[in-house]
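**Student:** Sharing a structure here in structure tokens format.
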2 protein chains.
Amino acid sequence: MATFVARVFQNWRVSASQAAFNQARNASVLCKRLEFKEYGDPMEVISKVEEEISDDLQPNEVLVKMLAAPLNPADINTVQGKYAVKPDSFPAVLGNEGVGEVLACGSKVKHTGVGDWVIPFLNQFGTCRSHAIAPEDDVVKIRKTVPLVEAATMSVNPCTAFRMLNDFVTLDDNDVVIQNGANSAVGQAVIQMCRVYGYRSVNIVRSRDDLDELKEYLTGLGANVILTEEELRTTQLFKSGELPRPRLGLNCVGGASATEVARQLAPSGTLVTYGAMSRAPLTVPTAQLIFSDLRIRGFWMTHWTRTHSVSRARWEMLDEMQTLCDQGYFKAPRHELVHIDEWREAVRRTMPGGGRVGAKQILIFDRDLKV
Amino acid sequence: MATFVARVFQNWRVSASQAAFNQARNASVLCKRLEFKEYGDPMEVISKVEEEISDDLQPNEVLVKMLAAPLNPADINTVQGKYAVKPDSFPAVLGNEGVGEVLACGSKVKHTGVGDWVIPFLNQFGTCRSHAIAPEDDVVKIRKTVPLVEAATMSVNPCTAFRMLNDFVTLDDNDVVIQNGANSAVGQAVIQMCRVYGYRSVNIVRSRDDLDELKEYLTGLGANVILTEEELRTTQLFKSGELPRPRLGLNCVGGASATEVARQLAPSGTLVTYGAMSRAPLTVPTAQLIFSDLRIRGFWMTHWTRTHSVSRARWEMLDEMQTLCDQGYFKAPRHELVHIDEWREAVRRTMPGGGRVGAKQILIFDRDLKV
């Protein structure tokens, strides 16, 4: 079965590749990339390197021109040496996510062709570079009907939302999902998927100056209820029976916020933690574990992708995500496109407290890119 | 299927009852019982009541002479009004666990006969009384080959251990289970069951004066490793590879002790909380949830019994427990038999800090009882 699924997944990655396309060009390209040679302050240890690379490809390799690559908080943590995944070696290229176009293929490349769009097969691809040469198995072909920014930001945050909504609790129509950090990239994905799946989302955000604007934005994505942390503490929403208690809670904040989300869950409800914005640990009252059968879990997309790289579940997920995107049911989070030459600004804005919070920084490599 | 299981379970509760036995005696007995009329300090609100009760039985009723009934911490919490289960009405009879002998049966009683031993079918039976009249469906017949004290203490603590070892993680031979509060009644049951099942138990206890004696006692029950809380913090047992990391952790303490137990678990390990002796909530680092897939659950035997009262799982569990007991593989926890007239002493010793910690107080109703 595993073999069958692997084969299906490989085939799904195939384009109608033609031998004519599968040729290296025997030329060279100027590659710009963001590297870090050691752990440290991202503003200090990251540098932009420019280098001519030959496109003399090995038979199984592809030359990919990157189109767009988002900077995620995990990328910053990786550079700081604080992330659970370490680079295999230094210098390491920044970036785990992005979309590129295949420029050339080695003679034995079977599963992709020139002009195809591809995303990394696994984490640690090093997407913050204008060009990459990689074994064809290191990339997954995706449909060009998917809008470019959605393609560039598909494999981490929306997939995190997808898995958390699908893998922990079997939800029914009109079931309620509650989440904190609802304006995060994952939060925005959760809101949109809940709308598609017919679940109702209760979305917790921190109080802020532009709260009304944020509420309007999240409501536009499909949020059913939006509450501040303070409003959650005293809400009668569930006690009054206006909404059934949530059977699934999603937590990317930790600390008191997570405890409060857990407190609202239905008996035998599950709280899934996928982030820790507050840096505070998770604390839950014992009585809720024992008498209400609260279930506490964690989720890490990188680990899931690693353990399910050629599974049917992954193939189905990416297929569904692409359908949602190319049919307009799913939008990328708020973002800014930033040329790689202005990488310092993009990195700064991605760091905690870096300003312009709420706009994901997406590196591009061609100033004339049309999205 | 549910009906089938219910029928099997009922039949399993059947004795070879004969019509001749199934007769009320049309007399009366002097019943001594421990009652509480309101919530409060157990030493103040519990009182012993003596009353003649008629054994004029309804057709479906049995008259049970209680032989032994342990006092559990949950009974104390119930009297204090702090437990998740409240009495249906006041005055309420103390006690959820115990074993009795059937003295007489109503004319339509089918599933039990005079002389049979029975335990309560559900929680809240009110076992701290010399005699009880109850519908036959409120009791479960058990084998008289089971030693009396083991029979009296079977339905709460050993069943809690049984379910926690069976329902959360599929363990293999030589897998490791770690638990704190290892000298609790549940802890002693876990140690013995791990030995029977072929698992290795790592047992955490608080440091104390009689530590050597306690270690000897727990080793005698089958404990593989015994560590104090302090020793656990610096142990190399798992880091060195001497033992594989535990896939299941059991927690009845909470606070720092629970965090420390969780820290030792294998990736994707499960921590099950069933008590909170320290009264401190459970705190876990977010990184362990996300990157190590730590799973946090709770367990409450009362809820399980309520939701599985006639399930095959319960029948199989009670059957296995009786086999373990009557073949000598399972011993009751350390205990003292106390006549109901000395109930004050037994209640005092069951309360937190009540002295003689480590000897479960078991009420008896006949000073000449031979165990």
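Naming scheme: A, B, ... for chains in displayed order of the structure tokens; residues 1 onward per chain; ligands 1 onward as shown.
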Counting only C-alpha atoms, give me one row per residue of chain A with an atom at most 7 Å from an atom of chain B, showing the shortest contact pair and its distance in Å to one decimal, sorted by chain then residue number, as a Markdown table.
**Tutor:**
```
| residue | atom | partner | partner_atom | distance |
| --- | --- | --- | --- | --- |
| A:Ala84 | CA | B:Phe291 | CA | 7.0 |
| A:Thr273 | CA | B:Ile290 | CA | 6.6 |
| A:Tyr274 | CA | B:Ile290 | CA | 5.9 |
| A:Ala276 | CA | B:Thr286 | CA | 6.5 |
| A:Pro281 | CA | B:Pro285 | CA | 4.8 |
| A:Leu282 | CA | B:Val284 | CA | 5.4 |
| A:Thr283 | CA | B:Thr283 | CA | 4.3 |
| A:Val284 | CA | B:Leu282 | CA | 5.4 |
| A:Pro285 | CA | B:Pro281 | CA | 4.8 |
| A:Thr286 | CA | B:Pro281 | CA | 5.5 |
| A:Leu289 | CA | B:Gly298 | CA | 4.4 |
| A:Ile290 | CA | B:Gly298 | CA | 4.5 |
| A:Phe291 | CA | B:Trp300 | CA | 6.3 |
| A:Asp293 | CA | B:Gly298 | CA | 5.5 |
| A:Leu294 | CA | B:Arg297 | CA | 6.6 |
| A:Arg295 | CA | B:Arg297 | CA | 5.1 |
| A:Ile296 | CA | B:Ile296 | CA | 4.7 |
| A:Arg297 | CA | B:Arg295 | CA | 5.1 |
| A:Gly298 | CA | B:Leu289 | CA | 4.4 |
| A:Phe299 | CA | B:Ile290 | CA | 5.1 |
| A:Trp300 | CA | B:Ile290 | CA | 5.4 |
```
**Student:** Skip Val177 of chain B itself and residues of its chain fewer than 2 positions away, then list as a ChimeraX atom specification all residues within 9 Å of it, counting only C-alpha atoms.
**Tutor:** /B:165,171,175,179,190,194,199-203,245-250
**Student:** Just checking: using only C-alpha atoms, which residue out of A:Thr112, A:Asn96, A:Thr78, A:Ser107 ends up closest to Phe125 of chain A?
**Tutor:**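 Of A:Thr112, A:Asn96, A:Thr78, A:Ser107, the one nearest Phe125 of chain A is A:Asn96, counting only C-alpha atoms.
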**Student:** DSSP on the backbone, then: every residue of segment 134-188 of chain B marked strand (DSSP E), written as a compact mmCIF listing (two decimals) with N, CA and C atoms, in the first residue's frame.
**Tutor:**
```
# COMPACT_ATOMS: atom_id res chain seq x y z
N ALA B 134 -31.24 -3.18 48.20
CA ALA B 134 -31.04 -2.53 46.90
C ALA B 134 -31.61 -3.40 45.79
N PRO B 135 -32.01 -2.78 44.67
CA PRO B 135 -32.38 -3.58 43.49
C PRO B 135 -31.20 -4.48 43.11
N VAL B 139 -26.07 -4.32 42.13
CA VAL B 139 -24.88 -5.04 42.60
C VAL B 139 -24.36 -5.99 41.54
N VAL B 140 -23.09 -6.31 41.64
CA VAL B 140 -22.43 -7.24 40.72
C VAL B 140 -21.86 -8.38 41.57
N LYS B 141 -22.18 -9.60 41.17
CA LYS B 141 -21.69 -10.75 41.91
C LYS B 141 -20.21 -10.97 41.61
N ILE B 142 -19.43 -11.25 42.63
CA ILE B 142 -18.03 -11.62 42.36
C ILE B 142 -17.73 -12.95 43.04
N VAL B 176 8.22 0.71 29.14
CA VAL B 176 8.37 1.31 30.47
C VAL B 176 7.17 2.22 30.77
N VAL B 177 6.66 2.10 31.98
CA VAL B 177 5.62 2.99 32.50
C VAL B 177 6.23 3.76 33.66
N ILE B 178 6.05 5.07 33.67
CA ILE B 178 6.55 5.87 34.79
C ILE B 178 5.36 6.47 35.52
N GLN B 179 5.43 6.52 36.86
CA GLN B 179 4.33 7.09 37.62
C GLN B 179 4.87 7.82 38.85
```
**Student:** Pick the closest to Arg33 of chain B from B:Asp366, B:Asp167, B:Glu150, B:Asp341: which is it, counting only C-alpha atoms?
**Tutor:**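 Residue with the minimum atom-to-atom distance to Arg33 of chain B: B:Asp341.
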**Student:** Name all residues at most 12 Å from Trp343 of chain A (count only C-alpha atoms; drop same-chain ones fewer than 5 positions away) and give them as an NGL selection string.
**Tutor:** :A and (32-35 or 42-43 or 46-49 or 69-71 or 94 or 128-129 or 337-338 or 348-350 or 361-365)
**Student:** Based on the backbone DSSP call, show me all residues of segment 144-283 of chain A assigned helix (DSSP H, G or I), as an MDAnalysis selection string.
**Tutor:** chainID A and resid 148:152 157:167 185:197 211:221 229:234 255:263
**Student:** Neighbouring residues of segment 321-329 of chain B were defined as those with any atom within 9 Å, considering only C-alpha atoms; residues of the same chain fewer than 3 positions away were excluded. Please report them as a tab-separated table (two decimals) with all heavy atoms, in the first residue's frame.
**Tutor:**
```tsv
chain	number	residue	atom	x	y	z
B	142	ILE	N	-19.43	-11.25	42.63
B	142	ILE	CA	-18.03	-11.62	42.36
B	142	ILE	C	-17.73	-12.95	43.04
B	142	ILE	O	-18.47	-13.40	43.93
B	142	ILE	CB	-17.02	-10.55	42.82
B	142	ILE	CG1	-17.07	-10.37	44.32
B	142	ILE	CG2	-17.27	-9.22	42.11
B	142	ILE	CD1	-15.86	-9.59	44.82
B	143	ARG	N	-16.63	-13.56	42.60
B	143	ARG	CA	-16.28	-14.91	43.08
B	143	ARG	C	-15.79	-14.87	44.53
B	143	ARG	O	-15.06	-13.96	44.90
B	143	ARG	CB	-15.14	-15.49	42.24
B	143	ARG	CG	-15.40	-15.53	40.78
B	143	ARG	CD	-14.16	-16.09	40.07
B	143	ARG	NE	-14.03	-15.49	38.75
B	143	ARG	CZ	-12.88	-15.27	38.14
B	143	ARG	NH1	-11.75	-15.62	38.72
B	143	ARG	NH2	-12.86	-14.70	36.96
B	144	LYS	N	-16.17	-15.87	45.28
B	144	LYS	CA	-15.75	-15.91	46.69
B	144	LYS	C	-14.33	-16.43	46.85
B	144	LYS	O	-13.80	-16.47	47.96
B	144	LYS	CB	-16.75	-16.75	47.51
B	144	LYS	CG	-18.11	-16.07	47.57
B	144	LYS	CD	-19.15	-16.90	48.27
B	144	LYS	CE	-19.09	-16.73	49.78
B	144	LYS	NZ	-20.31	-17.31	50.42
B	145	THR	N	-13.71	-16.82	45.74
B	145	THR	CA	-12.29	-17.21	45.79
B	145	THR	C	-11.38	-15.98	45.93
B	145	THR	O	-10.21	-16.10	46.27
B	145	THR	CB	-11.90	-17.97	44.51
B	145	THR	OG1	-12.44	-17.25	43.39
B	145	THR	CG2	-12.45	-19.37	44.54
B	146	VAL	N	-11.93	-14.80	45.63
B	146	VAL	CA	-11.16	-13.56	45.77
B	146	VAL	C	-11.02	-13.26	47.27
B	146	VAL	O	-12.02	-13.29	47.99
B	146	VAL	CB	-11.88	-12.39	45.07
B	146	VAL	CG1	-11.16	-11.08	45.31
B	146	VAL	CG2	-12.04	-12.68	43.59
B	147	PRO	N	-9.83	-12.98	47.75
B	147	PRO	CA	-9.71	-12.63	49.18
B	147	PRO	C	-10.59	-11.43	49.51
B	147	PRO	O	-10.78	-10.54	48.68
B	147	PRO	CB	-8.22	-12.31	49.33
B	147	PRO	CG	-7.54	-13.04	48.21
B	147	PRO	CD	-8.52	-13.03	47.08
B	150	GLU	N	-9.25	-7.78	49.08
B	150	GLU	CA	-9.08	-7.50	47.65
B	150	GLU	C	-10.45	-7.26	47.00
B	150	GLU	O	-10.60	-6.37	46.15
B	150	GLU	CB	-8.36	-8.67	46.95
B	150	GLU	CG	-6.85	-8.65	47.07
B	150	GLU	CD	-6.31	-8.95	48.47
B	150	GLU	OE1	-7.08	-9.41	49.33
B	150	GLU	OE2	-5.11	-8.69	48.70
B	151	ALA	N	-11.45	-8.03	47.41
B	151	ALA	CA	-12.79	-7.83	46.86
B	151	ALA	C	-13.34	-6.46	47.26
B	151	ALA	O	-13.95	-5.75	46.44
B	151	ALA	CB	-13.73	-8.93	47.36
B	154	MET	N	-11.57	-3.55	45.17
B	154	MET	CA	-11.30	-3.84	43.77
B	154	MET	C	-11.81	-2.78	42.80
B	154	MET	O	-11.16	-2.46	41.80
B	154	MET	CB	-11.96	-5.18	43.40
B	154	MET	CG	-11.71	-5.58	41.94
B	154	MET	SD	-12.55	-7.11	41.57
B	154	MET	CE	-11.61	-8.25	42.58
B	158	PRO	N	-7.74	-0.47	41.74
B	158	PRO	CA	-7.17	-1.40	40.76
B	158	PRO	C	-7.78	-1.21	39.37
B	158	PRO	O	-7.08	-1.32	38.36
B	158	PRO	CB	-7.51	-2.78	41.32
B	158	PRO	CG	-7.75	-2.55	42.77
B	158	PRO	CD	-8.35	-1.18	42.87
B	159	CYS	N	-9.05	-0.87	39.31
B	159	CYS	CA	-9.67	-0.66	38.00
B	159	CYS	C	-9.12	0.61	37.34
B	159	CYS	O	-8.96	0.67	36.12
B	159	CYS	CB	-11.19	-0.60	38.13
B	159	CYS	SG	-11.91	-2.21	38.53
B	162	PHE	N	-5.92	-0.49	35.93
B	162	PHE	CA	-6.20	-1.35	34.77
B	162	PHE	C	-6.51	-0.52	33.54
B	162	PHE	O	-5.94	-0.71	32.47
B	162	PHE	CB	-7.39	-2.26	35.12
B	162	PHE	CG	-7.76	-3.24	34.04
B	162	PHE	CD1	-7.35	-4.57	34.13
B	162	PHE	CD2	-8.52	-2.86	32.94
B	162	PHE	CE1	-7.69	-5.48	33.14
B	162	PHE	CE2	-8.86	-3.76	31.94
B	162	PHE	CZ	-8.44	-5.07	32.04
B	192	GLN	N	1.90	-3.76	40.38
B	192	GLN	CA	1.60	-5.18	40.28
B	192	GLN	C	1.14	-5.57	38.89
B	192	GLN	O	1.48	-6.62	38.35
B	192	GLN	CB	0.54	-5.55	41.33
B	192	GLN	CG	1.03	-5.34	42.76
B	192	GLN	CD	-0.04	-5.69	43.78
B	192	GLN	OE1	-0.26	-6.86	44.10
B	192	GLN	NE2	-0.73	-4.68	44.28
B	193	MET	N	0.33	-4.70	38.27
B	193	MET	CA	-0.15	-5.02	36.92
B	193	MET	C	0.96	-4.95	35.89
B	193	MET	O	0.99	-5.74	34.96
B	193	MET	CB	-1.30	-4.10	36.53
B	193	MET	CG	-2.60	-4.61	37.11
B	193	MET	SD	-3.97	-3.57	36.61
B	193	MET	CE	-4.84	-3.53	38.16
B	196	VAL	N	2.63	-8.19	35.99
B	196	VAL	CA	1.84	-9.25	35.32
B	196	VAL	C	1.90	-9.11	33.80
B	196	VAL	O	2.01	-10.09	33.07
B	196	VAL	CB	0.37	-9.20	35.81
B	196	VAL	CG1	-0.51	-10.11	34.97
B	196	VAL	CG2	0.28	-9.59	37.28
B	316	GLU	N	-14.96	-7.83	31.15
B	316	GLU	CA	-13.63	-8.42	31.00
B	316	GLU	C	-12.67	-7.91	32.08
B	316	GLU	O	-11.85	-8.66	32.61
B	316	GLU	CB	-13.07	-8.10	29.61
B	316	GLU	CG	-13.78	-8.87	28.51
B	316	GLU	CD	-13.35	-8.44	27.10
B	316	GLU	OE1	-12.74	-7.36	26.96
B	316	GLU	OE2	-13.66	-9.19	26.15
B	317	MET	N	-12.78	-6.62	32.39
B	317	MET	CA	-11.89	-6.05	33.40
B	317	MET	C	-12.13	-6.69	34.76
B	317	MET	O	-11.18	-7.13	35.44
B	317	MET	CB	-12.12	-4.54	33.49
B	317	MET	CG	-11.37	-3.87	34.64
B	317	MET	SD	-11.69	-2.10	34.69
B	317	MET	CE	-13.40	-2.08	35.26
B	318	LEU	N	-13.39	-6.78	35.18
B	318	LEU	CA	-13.68	-7.33	36.51
B	318	LEU	C	-13.32	-8.81	36.56
B	318	LEU	O	-12.83	-9.32	37.58
B	318	LEU	CB	-15.16	-7.11	36.86
B	318	LEU	CG	-15.54	-5.66	37.14
B	318	LEU	CD1	-17.04	-5.52	37.38
B	318	LEU	CD2	-14.78	-5.11	38.36
B	332	ALA	N	-4.21	-6.33	47.74
B	332	ALA	CA	-4.77	-5.04	48.13
B	332	ALA	C	-3.66	-4.15	48.68
B	332	ALA	O	-2.61	-4.65	49.10
B	332	ALA	CB	-5.86	-5.25	49.18
```
**Student:** Can you pull out the residues contacting Asp88 of chain A? Cut-off 12 Å, using only C-alpha atoms, and skip same-chain residues under 4 positions away; I want them as a list of chain:residue names.
**Tutor:** A:Lys37, A:Glu38, A:Thr78, A:Ala92, A:Val93, A:Asn123, A:Gln124, A:Phe125, A:Gly126
**Student:** Would you mind exporting all heavy atoms of the selected residues as a PDB file, in the first residue's frame?
**Tutor:**
```pdb
ATOM      1  N   LYS A  37      25.758  31.922   8.161  1.00  0.00           N
ATOM      2  CA  LYS A  37      26.921  31.049   8.367  1.00  0.00           C
ATOM      3  C   LYS A  37      27.010  30.577   9.816  1.00  0.00           C
ATOM      4  O   LYS A  37      27.814  29.716  10.146  1.00  0.00           O
ATOM      5  CB  LYS A  37      28.222  31.793   8.020  1.00  0.00           C
ATOM      6  CG  LYS A  37      28.383  32.104   6.546  1.00  0.00           C
ATOM      7  CD  LYS A  37      29.834  32.500   6.267  1.00  0.00           C
ATOM      8  CE  LYS A  37      30.137  32.559   4.783  1.00  0.00           C
ATOM      9  NZ  LYS A  37      29.436  33.665   4.096  1.00  0.00           N
ATOM     10  N   GLU A  38      26.222  31.202  10.676  1.00  0.00           N
ATOM     11  CA  GLU A  38      26.214  30.812  12.092  1.00  0.00           C
ATOM     12  C   GLU A  38      24.875  31.271  12.672  1.00  0.00           C
ATOM     13  O   GLU A  38      24.136  32.012  12.039  1.00  0.00           O
ATOM     14  CB  GLU A  38      27.369  31.481  12.843  1.00  0.00           C
ATOM     15  CG  GLU A  38      27.316  33.004  12.750  1.00  0.00           C
ATOM     16  CD  GLU A  38      28.495  33.688  13.427  1.00  0.00           C
ATOM     17  OE1 GLU A  38      29.029  33.101  14.385  1.00  0.00           O
ATOM     18  OE2 GLU A  38      28.847  34.805  13.018  1.00  0.00           O
ATOM     19  N   THR A  78      15.011  29.731  13.321  1.00  0.00           N
ATOM     20  CA  THR A  78      16.073  28.840  12.830  1.00  0.00           C
ATOM     21  C   THR A  78      17.407  29.578  12.807  1.00  0.00           C
ATOM     22  O   THR A  78      18.436  29.050  13.249  1.00  0.00           O
ATOM     23  CB  THR A  78      15.730  28.318  11.423  1.00  0.00           C
ATOM     24  OG1 THR A  78      14.487  27.624  11.486  1.00  0.00           O
ATOM     25  CG2 THR A  78      16.808  27.367  10.905  1.00  0.00           C
ATOM     26  N   ALA A  92      23.954  28.044   5.438  1.00  0.00           N
ATOM     27  CA  ALA A  92      22.643  27.510   5.099  1.00  0.00           C
ATOM     28  C   ALA A  92      21.845  28.596   4.392  1.00  0.00           C
ATOM     29  O   ALA A  92      22.021  29.784   4.679  1.00  0.00           O
ATOM     30  CB  ALA A  92      21.926  27.081   6.376  1.00  0.00           C
ATOM     31  N   VAL A  93      20.997  28.177   3.469  1.00  0.00           N
ATOM     32  CA  VAL A  93      20.140  29.134   2.770  1.00  0.00           C
ATOM     33  C   VAL A  93      18.833  29.283   3.545  1.00  0.00           C
ATOM     34  O   VAL A  93      18.237  28.294   3.988  1.00  0.00           O
ATOM     35  CB  VAL A  93      19.870  28.687   1.325  1.00  0.00           C
ATOM     36  CG1 VAL A  93      18.975  29.699   0.615  1.00  0.00           C
ATOM     37  CG2 VAL A  93      21.170  28.504   0.571  1.00  0.00           C
ATOM     38  N   ASN A 123      10.811  20.372   4.175  1.00  0.00           N
ATOM     39  CA  ASN A 123      11.353  21.535   4.843  1.00  0.00           C
ATOM     40  C   ASN A 123      12.844  21.706   4.483  1.00  0.00           C
ATOM     41  O   ASN A 123      13.454  20.824   3.907  1.00  0.00           O
ATOM     42  CB  ASN A 123      11.229  21.264   6.357  1.00  0.00           C
ATOM     43  CG  ASN A 123      11.237  22.511   7.182  1.00  0.00           C
ATOM     44  OD1 ASN A 123      10.724  23.547   6.764  1.00  0.00           O
ATOM     45  ND2 ASN A 123      11.810  22.441   8.370  1.00  0.00           N
ATOM     46  N   GLN A 124      13.410  22.845   4.797  1.00  0.00           N
ATOM     47  CA  GLN A 124      14.853  23.094   4.649  1.00  0.00           C
ATOM     48  C   GLN A 124      15.335  23.115   3.196  1.00  0.00           C
ATOM     49  O   GLN A 124      16.490  22.807   2.924  1.00  0.00           O
ATOM     50  CB  GLN A 124      15.686  22.047   5.421  1.00  0.00           C
ATOM     51  CG  GLN A 124      15.574  22.192   6.918  1.00  0.00           C
ATOM     52  CD  GLN A 124      16.624  21.356   7.629  1.00  0.00           C
ATOM     53  OE1 GLN A 124      16.511  20.139   7.697  1.00  0.00           O
ATOM     54  NE2 GLN A 124      17.640  22.007   8.147  1.00  0.00           N
ATOM     55  N   PHE A 125      14.453  23.480   2.288  1.00  0.00           N
ATOM     56  CA  PHE A 125      14.863  23.558   0.883  1.00  0.00           C
ATOM     57  C   PHE A 125      15.795  24.739   0.668  1.00  0.00           C
ATOM     58  O   PHE A 125      16.708  24.691  -0.159  1.00  0.00           O
ATOM     59  CB  PHE A 125      13.618  23.701   0.004  1.00  0.00           C
ATOM     60  CG  PHE A 125      13.881  23.659  -1.472  1.00  0.00           C
ATOM     61  CD1 PHE A 125      13.944  22.457  -2.152  1.00  0.00           C
ATOM     62  CD2 PHE A 125      14.056  24.835  -2.207  1.00  0.00           C
ATOM     63  CE1 PHE A 125      14.183  22.410  -3.521  1.00  0.00           C
ATOM     64  CE2 PHE A 125      14.296  24.801  -3.570  1.00  0.00           C
ATOM     65  CZ  PHE A 125      14.359  23.578  -4.237  1.00  0.00           C
ATOM     66  N   GLY A 126      15.578  25.791   1.454  1.00  0.00           N
ATOM     67  CA  GLY A 126      16.335  27.030   1.228  1.00  0.00           C
ATOM     68  C   GLY A 126      15.681  27.783   0.088  1.00  0.00           C
ATOM     69  O   GLY A 126      16.194  27.821  -1.035  1.00  0.00           O
TER      70      GLY A 126
END
```
